[in-house]
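Shown next: work05.txt, given as compact mmCIF, C-alpha atoms.
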# COMPACT_ATOMS: atom_id res chain seq x y z
CA MET Y 7 4.75 -50.47 -17.53
CA ALA Y 8 7.56 -52.89 -18.31
CA GLU Y 9 6.99 -52.45 -22.02
CA GLN Y 10 7.26 -48.71 -21.78
CA THR Y 11 10.60 -48.69 -19.98
CA LEU Y 12 11.98 -51.03 -22.61
CA ASN Y 13 10.85 -48.87 -25.49
CA ILE Y 14 12.29 -45.55 -24.40
CA PRO Y 15 15.98 -46.62 -24.50
CA GLN Y 16 15.37 -48.24 -27.88
CA LEU Y 17 13.87 -45.03 -29.17
CA VAL Y 18 16.79 -43.02 -27.86
CA VAL Y 19 19.31 -45.35 -29.50
CA PHE Y 20 17.40 -45.17 -32.77
CA ILE Y 21 17.40 -41.36 -32.72
CA ILE Y 22 21.12 -41.17 -31.93
CA VAL Y 23 21.98 -43.61 -34.69
CA SER Y 24 19.86 -41.70 -37.20
CA VAL Y 25 21.38 -38.36 -36.23
CA LEU Y 26 24.89 -39.78 -36.57
CA ALA Y 27 24.06 -41.34 -39.93
CA ILE Y 28 22.61 -38.08 -41.26
CA ARG Y 29 25.52 -36.05 -39.96
CA TRP Y 30 28.01 -38.44 -41.48
CA TYR Y 31 26.20 -38.30 -44.81
CA PHE Y 32 26.16 -34.52 -44.91
CA SER Y 33 29.71 -34.03 -43.63
CA ARG Y 34 31.15 -35.93 -46.57
CA PRO Y 35 30.59 -33.50 -49.39
CA VAL Y 36 31.49 -30.56 -47.13
CA ALA Y 37 34.80 -32.05 -46.10
CA THR Y 38 35.88 -32.67 -49.66
CA GLY Y 39 34.40 -29.45 -50.96
CA THR Y 40 36.32 -27.21 -48.58
CA ARG Y 41 39.65 -28.56 -49.69
CA PRO Y 42 39.81 -27.87 -53.41
CA ALA Y 43 43.54 -27.19 -53.18
CA ALA Y 44 44.23 -30.73 -52.03
CA GLY Y 45 43.56 -31.85 -55.57
CA GLN Y 46 42.24 -35.08 -56.96
CA ARG Y 47 44.49 -37.40 -55.08
CA THR Y 48 43.03 -36.64 -51.66
CA SER Y 49 39.56 -35.60 -52.72
CA ARG Y 50 38.12 -39.02 -51.97
CA LEU Y 51 39.61 -39.20 -48.49
CA ASN Y 52 37.18 -38.61 -45.68
CA PRO Y 53 38.63 -37.13 -42.47
CA ALA Y 54 35.94 -39.00 -40.53
CA GLN Y 55 37.35 -42.30 -41.78
CA ILE Y 56 40.87 -41.37 -40.78
CA GLU Y 57 39.52 -40.39 -37.39
CA GLN Y 58 37.63 -43.65 -37.11
CA VAL Y 59 40.77 -45.71 -37.61
CA ALA Y 60 42.85 -43.40 -35.43
CA GLN Y 61 40.43 -43.87 -32.56
CA MET Y 62 40.70 -47.63 -32.80
CA PHE Y 63 44.49 -47.53 -32.98
CA PRO Y 64 45.73 -44.42 -31.17
CA GLN Y 65 49.33 -45.61 -31.55
CA LEU Y 66 49.17 -45.11 -35.33
CA ASN Y 67 50.20 -41.97 -37.12
CA ARG Y 68 47.22 -40.26 -38.78
CA ARG Y 69 49.23 -39.55 -41.90
CA ASP Y 70 50.02 -43.24 -42.34
CA ILE Y 71 46.37 -44.13 -41.83
CA ALA Y 72 45.37 -41.55 -44.42
CA TRP Y 73 47.96 -42.89 -46.85
CA ASP Y 74 46.67 -46.43 -46.48
CA LEU Y 75 43.04 -45.31 -46.88
CA GLN Y 76 44.03 -43.24 -49.87
CA ARG Y 77 45.48 -46.26 -51.62
CA ASN Y 78 42.70 -48.73 -50.83
CA GLY Y 79 39.98 -46.30 -51.86
CA GLY Y 80 38.81 -45.33 -48.39
CA ASN Y 81 38.14 -48.85 -47.20
CA VAL Y 82 38.19 -48.58 -43.42
CA SER Y 83 37.68 -52.28 -42.78
CA ALA Y 84 40.59 -53.19 -45.07
CA THR Y 85 42.90 -50.84 -43.16
CA THR Y 86 41.59 -52.17 -39.84
CA GLU Y 87 42.13 -55.76 -40.96
CA LYS Y 88 45.65 -54.94 -42.03
CA VAL Y 89 46.54 -53.42 -38.66
CA LEU Y 90 44.87 -56.22 -36.71
CA SER Y 91 46.73 -58.89 -38.68
CA GLY Y 92 49.97 -57.26 -37.56
CA ARG Y 93 51.10 -55.91 -40.90
CA PRO Y 94 52.65 -52.47 -40.54
CA LEU Y 95 51.17 -49.54 -42.45
CA GLU Y 96 53.47 -48.12 -45.03
CA PRO Y 97 54.74 -44.71 -43.93
CA ALA Y 98 53.18 -41.85 -45.87
CA PRO Y 99 55.53 -40.07 -48.29
CA ALA Y 100 56.49 -36.56 -47.31
CA SER Y 101 54.67 -35.08 -50.30
CA PHE Y 102 51.39 -36.63 -49.21
CA ASN Y 103 49.01 -34.01 -47.83
CA PRO Y 104 45.97 -35.68 -46.25
CA PRO Y 105 42.92 -33.78 -44.99
CA LEU Y 106 43.65 -34.25 -41.30
CA PRO Y 107 40.74 -33.35 -39.05
CA ARG Y 108 42.39 -30.99 -36.62
CA ALA Y 109 39.35 -30.00 -34.64
CA ALA Y 110 38.32 -33.60 -34.26
CA ALA Y 111 41.73 -34.80 -33.26
CA GLN Y 112 42.01 -32.63 -30.16
CA PRO Y 113 39.20 -34.00 -27.99
CA VAL Y 114 40.63 -37.46 -28.47
CA ALA Y 115 43.99 -36.44 -27.07
CA ARG Y 116 42.51 -34.37 -24.26
CA PRO Y 117 41.10 -36.80 -21.70
CA THR Y 118 44.55 -38.08 -20.83
CA ALA Y 119 46.15 -34.64 -20.71
CA PRO Y 120 44.51 -32.98 -17.67
CA ALA Y 121 44.73 -36.13 -15.60
CA LYS Y 122 48.42 -36.62 -16.30
CA ALA Y 123 49.53 -33.03 -16.65
CA SER Y 124 51.00 -32.33 -13.28
CA GLN Y 125 51.89 -28.85 -12.14
CA PRO Y 126 55.08 -27.32 -13.50
CA ASP Y 127 58.11 -28.08 -11.38
CA LEU Y 128 59.54 -25.40 -9.11
CA ILE Y 129 62.51 -24.64 -11.31
CA THR Y 130 60.14 -23.81 -14.16
CA ARG Y 131 57.61 -22.08 -11.95
CA TYR Y 132 60.11 -19.69 -10.41
CA ASN Y 133 62.18 -19.39 -13.55
CA LEU Y 134 65.35 -20.68 -11.94
CA ALA Y 135 66.84 -22.69 -14.78
CA ASN Y 136 69.64 -20.20 -15.40
CA LYS Y 137 70.49 -19.96 -11.68
CA LEU Y 138 70.80 -23.72 -11.25
CA ASN Y 139 74.36 -23.98 -12.46
CA ALA Y 140 75.57 -20.82 -10.79
CA PRO Y 141 77.78 -21.48 -7.77
CA SER Y 142 75.81 -21.37 -4.55
CA PRO Y 143 76.16 -18.01 -2.83
CA GLU Y 144 77.45 -17.78 0.72
CA PRO Y 145 74.25 -18.46 2.57
CA SER Y 146 75.13 -16.44 5.66
CA ASP Y 147 75.55 -13.21 3.76
CA ALA Y 148 72.51 -13.25 1.50
CA ALA Y 149 70.12 -14.90 3.94
CA GLY Y 150 71.05 -12.51 6.72
CA LYS Y 151 70.30 -9.53 4.57
CA ALA Y 152 67.04 -10.95 3.29
CA LYS Y 153 65.71 -11.61 6.75
CA THR Y 154 65.65 -8.01 7.83
CA TRP Y 155 62.49 -6.02 7.25
CA SER Y 156 63.02 -3.19 4.84
CA GLN Y 157 61.06 0.05 4.94
CA ASP Y 158 61.13 0.14 1.17
CA ARG Y 159 58.33 -1.78 -0.48
CA ASN Y 160 60.27 -2.86 -3.54
CA GLU Y 161 63.20 -3.99 -1.48
CA ARG Y 162 60.85 -6.03 0.70
CA GLN Y 163 59.44 -7.69 -2.39
CA ALA Y 164 62.92 -8.42 -3.70
CA ASN Y 165 63.99 -9.87 -0.35
CA LEU Y 166 61.00 -12.17 -0.28
CA GLN Y 167 61.71 -13.24 -3.85
CA ARG Y 168 65.34 -13.98 -2.99
CA ARG Y 169 64.39 -16.03 0.04
CA ARG Y 170 62.00 -18.11 -2.06
CA GLU Y 171 64.60 -18.73 -4.72
CA GLU Y 172 67.29 -19.64 -2.22
CA MET Y 173 65.00 -22.09 -0.49
CA ILE Y 174 64.21 -23.89 -3.75
CA LEU Y 175 67.77 -23.85 -5.09
CA ALA Y 176 69.13 -25.15 -1.78
CA ALA Y 177 66.61 -28.00 -1.80
CA ARG Y 178 67.43 -28.85 -5.39
CA ARG Y 179 71.20 -28.89 -4.78
CA LYS Y 180 70.79 -31.03 -1.71
CA LEU Y 181 68.66 -33.55 -3.55
CA GLU Y 182 71.08 -33.61 -6.49
CA GLU Y 183 73.96 -34.39 -4.14
CA LYS Y 184 71.94 -37.10 -2.48
CA GLU Y 185 71.17 -38.69 -5.85
CA LYS Y 186 74.84 -38.55 -6.85
CA ALA Y 187 75.90 -40.19 -3.61
CA LYS Y 188 73.70 -43.22 -4.34
CA MET I 19 46.73 0.08 3.90
CA GLY I 20 42.99 0.47 4.04
CA THR I 21 40.92 -2.10 5.81
CA PRO I 22 41.53 -3.76 9.18
CA ALA I 23 42.04 -7.02 7.30
CA SER I 24 44.86 -5.73 5.14
CA LYS I 25 46.43 -3.99 8.14
CA ARG I 26 46.43 -7.20 10.08
CA LEU I 27 47.89 -9.11 7.09
CA PHE I 28 50.61 -6.52 6.71
CA LYS I 29 51.53 -6.93 10.39
CA GLU I 30 51.69 -10.68 9.97
CA TYR I 31 53.84 -10.30 6.86
CA ARG I 32 56.28 -8.11 8.77
CA ALA I 33 56.48 -10.59 11.65
CA LEU I 34 57.01 -13.52 9.30
CA SER I 35 59.74 -11.71 7.38
CA SER I 36 61.64 -10.41 10.42
CA ASP I 37 61.56 -13.69 12.28
CA PRO I 38 60.63 -16.49 9.91
CA PRO I 39 60.00 -19.95 11.38
CA ASP I 40 62.37 -22.69 10.19
CA GLY I 41 61.58 -23.95 6.72
CA ILE I 42 58.85 -21.41 5.98
CA THR I 43 58.82 -18.43 3.62
CA ALA I 44 55.57 -16.55 3.18
CA GLY I 45 54.30 -13.23 1.94
CA PRO I 46 51.89 -11.57 -0.44
CA VAL I 47 52.41 -12.30 -4.12
CA SER I 48 52.37 -8.51 -4.53
CA GLU I 49 51.76 -5.86 -1.88
CA ASP I 50 49.12 -4.40 -4.20
CA ASP I 51 46.85 -7.18 -3.00
CA MET I 52 47.44 -8.28 0.56
CA PHE I 53 44.73 -10.93 0.26
CA VAL I 54 46.70 -13.36 -1.92
CA TRP I 55 49.84 -14.89 -0.48
CA GLU I 56 52.32 -17.47 -1.56
CA ALA I 57 54.04 -19.66 0.98
CA LEU I 58 56.88 -22.15 0.69
CA ILE I 59 56.98 -24.98 3.18
CA GLN I 60 59.88 -27.33 3.62
CA GLY I 61 59.10 -31.03 3.94
CA PRO I 62 59.64 -32.08 7.56
CA GLU I 63 62.74 -34.16 8.25
CA GLY I 64 62.38 -37.83 8.90
CA THR I 65 59.32 -38.04 6.63
CA PRO I 66 59.05 -38.92 2.92
CA PHE I 67 58.44 -35.21 2.32
CA GLU I 68 61.97 -34.45 3.55
CA GLY I 69 64.05 -32.49 1.07
CA GLY I 70 61.01 -31.13 -0.75
CA VAL I 71 59.81 -27.55 -0.93
CA PHE I 72 56.05 -27.14 -1.32
CA PRO I 73 54.59 -23.91 -2.65
CA ALA I 74 51.06 -23.05 -1.63
CA GLU I 75 48.66 -20.25 -2.35
CA LEU I 76 46.74 -18.66 0.51
CA LYS I 77 43.62 -16.64 -0.21
CA PHE I 78 42.25 -14.46 2.56
CA PRO I 79 38.63 -13.39 2.89
CA ARG I 80 37.75 -9.71 3.23
CA ASP I 81 36.70 -10.28 6.82
CA TYR I 82 39.98 -11.87 7.84
CA PRO I 83 40.79 -12.63 10.68
CA LEU I 84 37.19 -13.41 11.54
CA ALA I 85 37.16 -16.06 8.79
CA PRO I 86 40.16 -18.25 7.86
CA PRO I 87 42.01 -18.24 4.54
CA THR I 88 41.95 -21.12 2.10
CA MET I 89 45.17 -22.87 1.20
CA ARG I 90 46.11 -24.77 -1.92
CA PHE I 91 49.36 -26.51 -2.83
CA MET I 92 50.73 -25.58 -6.23
CA VAL I 93 52.56 -28.90 -6.75
CA ASP I 94 51.30 -32.46 -6.55
CA VAL I 95 50.99 -33.41 -2.90
CA TRP I 96 49.90 -36.97 -2.23
CA HIS I 97 48.58 -36.84 1.30
CA PRO I 98 45.40 -37.94 3.12
CA ASN I 99 44.47 -34.35 4.03
CA VAL I 100 45.16 -32.71 0.69
CA VAL I 101 42.59 -32.82 -2.12
CA TYR I 102 44.07 -34.45 -5.21
CA PRO I 103 44.90 -33.11 -7.74
CA ASN I 104 43.77 -29.57 -6.96
CA GLY I 105 45.87 -29.28 -3.81
CA THR I 106 43.38 -27.81 -1.33
CA VAL I 107 44.52 -28.34 2.24
CA CYS I 108 41.90 -29.65 4.65
CA ILE I 109 42.92 -29.27 8.28
CA SER I 110 41.01 -28.12 11.30
CA ILE I 111 42.79 -24.79 11.72
CA LEU I 112 41.45 -23.74 8.31
CA HIS I 113 37.86 -24.49 9.32
CA PRO I 114 35.76 -21.79 10.95
CA PRO I 115 34.52 -22.60 14.44
CA GLY I 116 31.10 -24.18 14.50
CA ASP I 117 31.53 -25.52 10.99
CA ASP I 118 32.09 -29.16 11.86
CA PRO I 119 28.93 -31.22 11.42
CA HIS I 120 30.89 -34.43 12.03
CA HIS I 121 32.40 -33.33 15.35
CA TYR I 122 35.81 -34.66 14.46
CA GLU I 123 37.54 -31.56 15.68
CA GLN I 124 37.81 -29.73 18.93
CA ALA I 125 36.64 -26.13 18.79
CA SER I 126 40.06 -25.08 20.05
CA GLU I 127 41.77 -26.61 16.99
CA ARG I 128 39.70 -24.65 14.53
CA TRP I 129 40.16 -21.18 13.17
CA SER I 130 39.73 -18.17 15.39
CA PRO I 131 41.12 -14.64 15.16
CA ILE I 132 43.82 -15.49 17.68
CA GLN I 133 45.34 -17.91 15.15
CA SER I 134 47.69 -16.60 12.45
CA VAL I 135 49.28 -17.38 9.11
CA GLU I 136 52.34 -18.58 10.95
CA LYS I 137 50.29 -21.02 13.01
CA ILE I 138 48.55 -22.29 9.88
CA LEU I 139 51.84 -22.94 8.11
CA ILE I 140 53.34 -24.68 11.12
CA SER I 141 50.19 -26.82 11.41
CA VAL I 142 50.44 -27.73 7.74
CA MET I 143 54.06 -28.70 8.21
CA SER I 144 53.18 -31.06 11.03
CA MET I 145 50.20 -32.32 9.03
CA LEU I 146 52.67 -33.45 6.34
CA ALA I 147 54.51 -35.45 8.99
CA GLU I 148 51.40 -36.80 10.69
CA PRO I 149 48.32 -37.19 8.53
CA ASN I 150 44.92 -37.09 10.19
CA ASP I 151 43.29 -40.32 9.18
CA GLU I 152 39.86 -39.52 10.60
CA SER I 153 38.44 -37.29 7.89
CA PRO I 154 40.58 -37.73 4.79
CA ALA I 155 40.26 -35.35 1.85
CA ASN I 156 42.06 -37.83 -0.38
CA VAL I 157 40.56 -41.23 0.40
CA ASP I 158 42.97 -43.11 -1.88
CA ALA I 159 46.00 -41.53 -0.28
CA ALA I 160 44.57 -42.27 3.17
CA ARG I 161 44.04 -45.91 2.31
CA MET I 162 47.53 -46.18 0.84
CA TRP I 163 49.01 -44.49 3.91
CA ARG I 164 47.20 -46.94 6.18
CA GLU I 165 47.67 -50.15 4.23
CA LYS I 166 50.63 -49.76 1.89
CA ARG I 167 52.97 -47.37 3.65
CA ALA I 168 55.98 -48.21 1.46
CA GLU I 169 54.04 -47.42 -1.70
CA TYR I 170 52.79 -44.17 -0.19
CA GLU I 171 56.31 -43.10 0.72
CA THR I 172 57.66 -43.96 -2.72
CA ARG I 173 54.95 -41.91 -4.38
CA VAL I 174 55.60 -38.93 -2.10
CA ARG I 175 59.35 -39.10 -2.76
CA ASP I 176 58.78 -39.33 -6.51
CA ASN I 177 56.65 -36.19 -6.35
CA VAL I 178 59.39 -34.39 -4.41
CA ARG I 179 61.97 -35.27 -7.06
CA LYS I 180 59.64 -34.21 -9.87
CA SER I 181 58.73 -30.94 -8.19
CA LEU I 182 62.42 -30.05 -8.00
CA GLY I 183 62.86 -30.81 -11.69
CA LEU I 184 64.84 -34.04 -11.29
As structure tokens, please, write out the structure in this file.
Amino acid sequence: MAEQTLNIPQLVVFIIVSVLAIRWYFSRPVATGTRPAAGQRTSRLNPAQIEQVAQMFPQLNRRDIAWDLQRNGGNVSATTEKVLSGRPLEPAPASFNPPLPRAAAQPVARPTAPAKASQPDLITRYNLANKLNAPSPEPSDAAGKAKTWSQDRNERQANLQRRREEMILAARRKLEEKEKAK
Amino acid sequence: MGTPASKRLFKEYRALSSDPPDGITAGPVSEDDMFVWEALIQGPEGTPFEGGVFPAELKFPRDYPLAPPTMRFMVDVWHPNVVYPNGTVCISILHPPGDDPHHYEQASERWSPIQSVEKILISVMSMLAEPNDESPANVDAARMWREKRAEYETRVRDNVRKSLGL
């Protein structure tokens, strides 16, 4: 019983490792083969290697990683060593055109995005940027008119819209003044 | 104006527009669909929410007013009774009667057809001022509110500033 439970995870790990190894082996010729235009200089670069280094050091620019790998013949551990020892990677020249893995790069950036991406602020949401700097209208006049119930459907909608906008703009101005007073 | 539900919602819309409660603006996003509303609620004074304006979406069921609407804030609201980050408001008036397995709430506090959108929005406003600590929807916010009040207030104020684009 105890032997069996030990063996299953080992088997699973073995299968995963083999699948990854096979995929990596087969993705190599494809990646280079699909970019004939990149020419000889980048033909040896493997997007998977760039990705590998980029995942270890997300602060690094992928182009610079590619440039370093390009010059050391695709030696990932040499590039890793270099970064770990604190030596900066040489910036890639503008003419350098590495095979950057676009599809692969996105899922790496994603996990942080939904968690951090807060909702758009109210000024953006209600499209009020251009009304921010306009002088504040006399509140008595506009608000009084907006409060009455109109028989016309479009006018009702416009009144509601105006009341929303006024409420947000008033809050924003008040907060701005408060911040200035500090 | 077809169904009883949309008739009732139209009546409530008219009442809320003609005589709006302080700090509340509410109405359908478009009169083509009376079952989706957008409300703006002002942060109550004397609380860290003061100065903020909080937009929320209300979705009404087809059998309104027999069943209550759902309400969801459209900006970040850090509060014990608001699910984070999706903004769903969890207060007793939005719960149908007989739907409280934990018996936290009195039947009279829960939804019934004699309640209204106006009463919901006023309840939500007072909820912002006085969180209900007993059945928190956001456990982290509840703990912070209980144990680190200053931190809670700072976070709420920061959200207010951000939501107004400052």
Practice prompt. Could you list, as number ranges by chain, the residues of chain Y having an atom within 10 Å of chain I when counting only C-alpha atoms?
Written response: Y: 120-122, 124-131, 135, 152-156, 159-160, 162-163, 165-167, 169-170, 173-182, 184-185
Fewer than 3 positions away in the same chain doesn't count, so skip those; otherwise give me all residues within 12 Å of Met62 of chain Y, counting all atoms listed in the file, as an mmCIF file with C-alpha atoms, in the coordinates of the input.
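Output below, filename out-v2.cif:
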data_model
loop_
_atom_site.group_PDB
_atom_site.id
_atom_site.type_symbol
_atom_site.label_atom_id
_atom_site.label_comp_id
_atom_site.auth_asym_id
_atom_site.auth_seq_id
_atom_site.Cartn_x
_atom_site.Cartn_y
_atom_site.Cartn_z
ATOM 1 C CA GLN Y 55 37.350 -42.300 -41.780
ATOM 2 C CA ILE Y 56 40.870 -41.370 -40.780
ATOM 3 C CA GLU Y 57 39.520 -40.390 -37.390
ATOM 4 C CA GLN Y 58 37.630 -43.650 -37.110
ATOM 5 C CA VAL Y 59 40.770 -45.710 -37.610
ATOM 6 C CA GLN Y 65 49.330 -45.610 -31.550
ATOM 7 C CA LEU Y 66 49.170 -45.110 -35.330
ATOM 8 C CA ASN Y 67 50.200 -41.970 -37.120
ATOM 9 C CA ARG Y 68 47.220 -40.260 -38.780
ATOM 10 C CA ILE Y 71 46.370 -44.130 -41.830
ATOM 11 C CA VAL Y 82 38.190 -48.580 -43.420
ATOM 12 C CA SER Y 83 37.680 -52.280 -42.780
ATOM 13 C CA THR Y 85 42.900 -50.840 -43.160
ATOM 14 C CA THR Y 86 41.590 -52.170 -39.840
ATOM 15 C CA GLU Y 87 42.130 -55.760 -40.960
ATOM 16 C CA VAL Y 89 46.540 -53.420 -38.660
ATOM 17 C CA LEU Y 90 44.870 -56.220 -36.710
ATOM 18 C CA VAL Y 114 40.630 -37.460 -28.470
#
Item to complete: Just the residues within 10 Å of segment 153-165 of chain I, please, counting all atoms listed in the file, with nothing from its chain fewer than 2 positions along; format it as a PyMOL selection string.
Response: chain I and resi 95-103+105-109+120+122-123+149-151+167-171+173
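Between atom CA of Ala72 of chain Y and atom CA of Phe32 of chain Y there is a distance of 20.5 Å.
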Worksheet item: atom CA of Ala164 of chain Y and atom CA of Ile140 of chain I are how many Å apart?
Response: 24.0 Å
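Shortest atom-to-atom contact with Thr172 of chain I among I:Phe78, I:Phe67, I:Trp129, I:Phe28: I:Phe67, counting only C-alpha atoms.
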Item to complete: Could you please determine the separation between atom CA of Asp70 of chain Y and atom CA of Phe102 of chain Y in Å, to one decimal place?
Response: 9.6 Å
Fill in: Pick from Y:Arg77, Y:Arg93, Y:Arg168, Y:Lys188, whichever lies nearest to Leu134 of chain Y using only C-alpha atoms
Y:Arg168
